[in-house]
Amino acid sequence: MADNWVETTVGDLRRWADEHGKALDEPGARILLDLAHKEMGLTGPEALTPELLRELLLNVFPESVVAGREDVPTILDVLRRIAAYLGDTKAVTADEAAALEAEIDRIGPEFEELVASVDSEERQAAAEVIGGLMQADGVSLDDQDAVEAWIRDFEALPDDERYARTEGYLRQVEELVVPPVRLAPEAELAEAVRRSRLTSFALALADWTGERDLTEHDTLTEADAEAAAAALGLETPRRHGQMEDSGELERFWWAAVEAEVITADDGRAGPGPALDGLRSADDATLLGAWLPLFDALAVPGHDYVDGLDAVELVQNEMTGVLIHLYEQEEPTEAETLLGALLDHVEEAYDLSDADGMPALVSDAFHLELATLEEWGVVQKAGDQEAGEGCELTPLGVWAVRELLVADGFTAPVVGGLADARASELIAGLTWYRPEAADEEIEGWLAGQDPKDAAADLLDVMRTGGPGARNLAAAVLHRVGPEAAAVVRAAQEHPLVSPYAVLWLNAAGDPSGRELAREEYLWVFVDTVAGMLETAEPEEAVEAALLDTPPGTEMETMVEELWRTDHPGVADVLEALGAHHPDKATAKAARTAAYKARSSAQGAGRRV
């Protein structure tokens, strides 16, 4: 609920408007004054200046309120009523009231354009969510009748059910995010494709096949299969331990057909349309022809209903192995990969009647790993002391990313945020590892004017949550001293002030100073609250304690935290109470969390 001066002012405004026969959008006035107080720190309507009015309309309002172009005239009229009221009641001078009204007229067109732009982005985001929900329900976006029927049914749902479905979808989308990777140049990838055994084998199989008759199932005849295996060097099956894989030719055949390197139709084989692409000297064309071939081999989808041998079972599950390697910063030992695969196989398949299957799966896994190495997708890495492991090659990284994107994953590339807005940069950095984040930030800053970069980052800090504020503050600390004037001006905003002070102090600016005790406590709470947005409480506490004082000093600090004016303080204290390693500090945190909750409830009753 708004603070007392906001409610008092809205009541006075309503009476003033009635006395003067003027219309007043009372809810609109309440929203604007509440934003001026809570987001900008104003202590009363008389503190509003043309400069602060500009910040309210062009920075704070668009980030805090959902509005459309059609709402702009009403919003501007509310501000004109406030300016007239302030002048008429002598809360400000006549000149000051006139300056406010002149500023409203001056920034009106810019405000309308900004609201329209934000509204368009929000509508686009909403449309993407609705489209995603439809597709998840099996509705084709090209089927207008089905789309309209789905929308009618969705709008007929109770509000809480619509909200729950939307939240569930957004959580699912969030799960379909993988860490950013660096991609090799296209020429390097194409050269790796030309060296890949997968490429040479597919070309050799297509050349050997040429045009010939097939079986009724569009496969090579038994005699042709034997001849092809001999010609291509596959007459001796691959082996590992007790596992023998004699189905390599059949696997390549169907992959080549699916990727259209070979055509197989009505009992007749011939060269496929992708064959020339697989021979192309053009790098992009070559990669475009190779990827479907890799996709068909890496994601075979053998049907479990018909029964699977160990080789087919492992091939079905190797996409999980590839994704695991994609997400890791360091090489992973083969036995670690095998252990995870076996755990998953035991959960996903009924192997109660398959004696010795774990050993067979192990052998099949090592065969498949060797195959991926031959294709140039996986390579051995590490050393003997650390334990030799596996990692994706640059070609493997590119190929797996292409398949992930095709499956709806968000798969960022380092450098992809170089031209992004500050808000997009901060949102994207959430998924970055430290080293990649450093590289992305440096690339972004290189293309920014320091003053503009600082202003945009400060806007994110004013309008975002703790996590966004933490990240934006970290990026801000890399901005040079040219931004000092911009940062100094930001000290007036309550959510930004402590971070601005830290920046100025670190930059050696004359206006720099040490944080006051209450500011230091607020920043600590804000930092931990930001960590809690993306990490488990135990992990967030562990990370937060790296730079905090030990022992009794930390216990004393925790006892003070509950008075901190931060909406997340109770959650932070509860996390500390549950996971702080020092028992006395943890107990103090639990007590303080109770006080914080009680204080918040009491404040709510008083208001």
# chains A, B, ... in the order shown; residues from 1 in each chain; ligands from 1

$ residues_around --residues "Arg30 of chain A" --least-positions-apart "5" --cutoff "10 Å" --atoms "only C-alpha atoms" --output "PyMOL selection string"
chain A and resi 2+6-7+9-11+25+35-36+78

$ residues_around --residues "segment 546-548 of chain A" --least-positions-apart "5" --cutoff "9 Å" --atoms "only C-alpha atoms" --output "PyMOL selection string"
chain A and resi 524+541+554

$ write_last_selection --atoms "all heavy atoms" --output "mmCIF file, in the first residue's frame"
data_model
loop_
_atom_site.group_PDB
_atom_site.id
_atom_site.type_symbol
_atom_site.label_atom_id
_atom_site.label_comp_id
_atom_site.auth_asym_id
_atom_site.auth_seq_id
_atom_site.Cartn_x
_atom_site.Cartn_y
_atom_site.Cartn_z
ATOM 1 N N PHE A 524 24.370 -6.062 1.451
ATOM 2 C CA PHE A 524 24.541 -7.487 1.752
ATOM 3 C C PHE A 524 23.242 -8.243 1.506
ATOM 4 O O PHE A 524 23.232 -9.296 0.859
ATOM 5 C CB PHE A 524 24.989 -7.672 3.202
ATOM 6 C CG PHE A 524 25.067 -9.117 3.622
ATOM 7 C CD1 PHE A 524 26.142 -9.904 3.262
ATOM 8 C CD2 PHE A 524 24.049 -9.697 4.372
ATOM 9 C CE1 PHE A 524 26.210 -11.244 3.626
ATOM 10 C CE2 PHE A 524 24.102 -11.023 4.747
ATOM 11 C CZ PHE A 524 25.196 -11.804 4.376
ATOM 12 N N VAL A 541 24.065 -18.979 0.224
ATOM 13 C CA VAL A 541 24.700 -18.626 1.503
ATOM 14 C C VAL A 541 26.192 -18.881 1.440
ATOM 15 O O VAL A 541 27.004 -18.047 1.870
ATOM 16 C CB VAL A 541 24.059 -19.418 2.659
ATOM 17 C CG1 VAL A 541 24.861 -19.258 3.940
ATOM 18 C CG2 VAL A 541 22.616 -18.954 2.876
ATOM 19 N N MET A 554 30.064 -11.541 12.472
ATOM 20 C CA MET A 554 28.983 -11.937 11.570
ATOM 21 C C MET A 554 27.692 -12.139 12.346
ATOM 22 O O MET A 554 26.609 -11.753 11.896
ATOM 23 C CB MET A 554 29.368 -13.224 10.836
ATOM 24 C CG MET A 554 28.324 -13.702 9.832
ATOM 25 S SD MET A 554 28.120 -12.555 8.459
ATOM 26 C CE MET A 554 26.658 -13.216 7.669
#

$ closest_residue --among "A:Glu539, A:Glu248, A:Glu439, A:Glu258" --to "Phe201 of chain A" --atoms "only C-alpha atoms"
A:Glu248

$ residues_around --residues "segment 333-338 of chain A" --least-positions-apart "2" --cutoff "7 Å" --atoms "only C-alpha atoms" --output "PyMOL selection string"
chain A and resi 321+331+340-342+362+387-390

$ write_last_selection --atoms "C-alpha atoms" --output "JSON list (two decimals), in the first residue's frame"
[["chain", "number", "residue", "atom", "x", "y", "z"],
["A", 321, "VAL", "CA", 25.86, -37.61, -23.19],
["A", 331, "PRO", "CA", 36.57, -32.57, -19.88],
["A", 340, "ALA", "CA", 25.31, -41.34, -15.52],
["A", 341, "LEU", "CA", 24.12, -43.22, -18.63],
["A", 342, "LEU", "CA", 23.69, -46.49, -16.71],
["A", 362, "SER", "CA", 29.26, -50.42, -20.94],
["A", 387, "GLY", "CA", 42.50, -38.16, -15.43],
["A", 388, "GLU", "CA", 41.98, -38.23, -19.17],
["A", 389, "GLY", "CA", 38.50, -37.18, -20.13],
["A", 390, "CYS", "CA", 36.31, -36.41, -23.12]]

$ closest_residue --among "A:Leu445, A:Val378, A:Ala298, A:Leu313" --to "Ala364 of chain A" --atoms "only C-alpha atoms"
A:Leu313

$ residues_around --residues "segment 557-571 of chain A" --least-positions-apart "2" --cutoff "10 Å" --atoms "only C-alpha atoms" --output "VMD selection string"
chain A and resid 466 495 517 to 526 528 to 530 532 537 548 to 549 552 to 555 573 to 577 585 to 600

$ atom_distance --atom1 "atom CA of Leu417 of chain A" --atom2 "atom CA of Trp444 of chain A"
6.7 Å

$ residues_around --residues "segment 143-147 of chain A" --least-positions-apart "4" --cutoff "8 Å" --atoms "only C-alpha atoms" --output "compact mmCIF listing (two decimals) with N, CA and C atoms, in the first residue's frame"
# COMPACT_ATOMS: atom_id res chain seq x y z
N MET A 134 0.25 -22.78 -27.21
CA MET A 134 -0.52 -23.47 -28.25
C MET A 134 0.26 -24.65 -28.81
N VAL A 139 -1.26 -27.43 -31.13
CA VAL A 139 -2.01 -26.58 -32.06
C VAL A 139 -1.04 -25.98 -33.07
N ILE A 151 -7.72 -20.11 -28.28
CA ILE A 151 -7.77 -18.83 -27.56
C ILE A 151 -9.09 -18.70 -26.80

$ select_by_dssp --residues "segment 378-438 of chain A" --states "strand (DSSP E or B)" --output "VMD selection string"
chain A and resid 378 to 381 389 to 392 410 413

$ write_last_selection --atoms "N, CA and C atoms" --output "mmCIF file, in the first residue's frame"
data_model
loop_
_atom_site.group_PDB
_atom_site.id
_atom_site.type_symbol
_atom_site.label_atom_id
_atom_site.label_comp_id
_atom_site.auth_asym_id
_atom_site.auth_seq_id
_atom_site.Cartn_x
_atom_site.Cartn_y
_atom_site.Cartn_z
ATOM 1 N N VAL A 378 33.777 -35.766 -30.857
ATOM 2 C CA VAL A 378 34.299 -35.881 -29.495
ATOM 3 C C VAL A 378 35.801 -36.127 -29.582
ATOM 4 N N GLN A 379 36.528 -35.616 -28.595
ATOM 5 C CA GLN A 379 37.969 -35.865 -28.549
ATOM 6 C C GLN A 379 38.398 -36.105 -27.110
ATOM 7 N N LYS A 380 39.513 -36.819 -26.967
ATOM 8 C CA LYS A 380 40.092 -37.020 -25.640
ATOM 9 C C LYS A 380 40.773 -35.735 -25.205
ATOM 10 N N ALA A 381 40.716 -35.453 -23.909
ATOM 11 C CA ALA A 381 41.304 -34.219 -23.394
ATOM 12 C C ALA A 381 41.748 -34.446 -21.961
ATOM 13 N N GLY A 389 39.938 -37.260 -19.967
ATOM 14 C CA GLY A 389 38.500 -37.175 -20.131
ATOM 15 C C GLY A 389 38.111 -36.980 -21.574
ATOM 16 N N CYS A 390 36.847 -36.645 -21.780
ATOM 17 C CA CYS A 390 36.308 -36.406 -23.119
ATOM 18 C C CYS A 390 35.725 -34.999 -23.161
ATOM 19 N N GLU A 391 35.747 -34.416 -24.327
ATOM 20 C CA GLU A 391 35.093 -33.139 -24.543
ATOM 21 C C GLU A 391 34.655 -33.051 -26.001
ATOM 22 N N LEU A 392 33.750 -32.149 -26.280
ATOM 23 C CA LEU A 392 33.328 -31.933 -27.653
ATOM 24 C C LEU A 392 34.416 -31.195 -28.417
ATOM 25 N N THR A 410 17.262 -22.449 -25.737
ATOM 26 C CA THR A 410 17.991 -21.188 -25.855
ATOM 27 C C THR A 410 19.457 -21.514 -25.644
ATOM 28 N N VAL A 413 25.528 -17.723 -27.691
ATOM 29 C CA VAL A 413 26.900 -17.778 -28.184
ATOM 30 C C VAL A 413 27.651 -16.589 -27.607
#

$ select_by_dssp --residues "segment 64-151 of chain A" --states "alpha helix (DSSP H)" --output "number ranges by chain"
A: 64, 72-88, 94-136, 144-151

$ atom_distance --atom1 "atom CA of Pro481 of chain A" --atom2 "atom CA of Ala436 of chain A"
24.5 Å
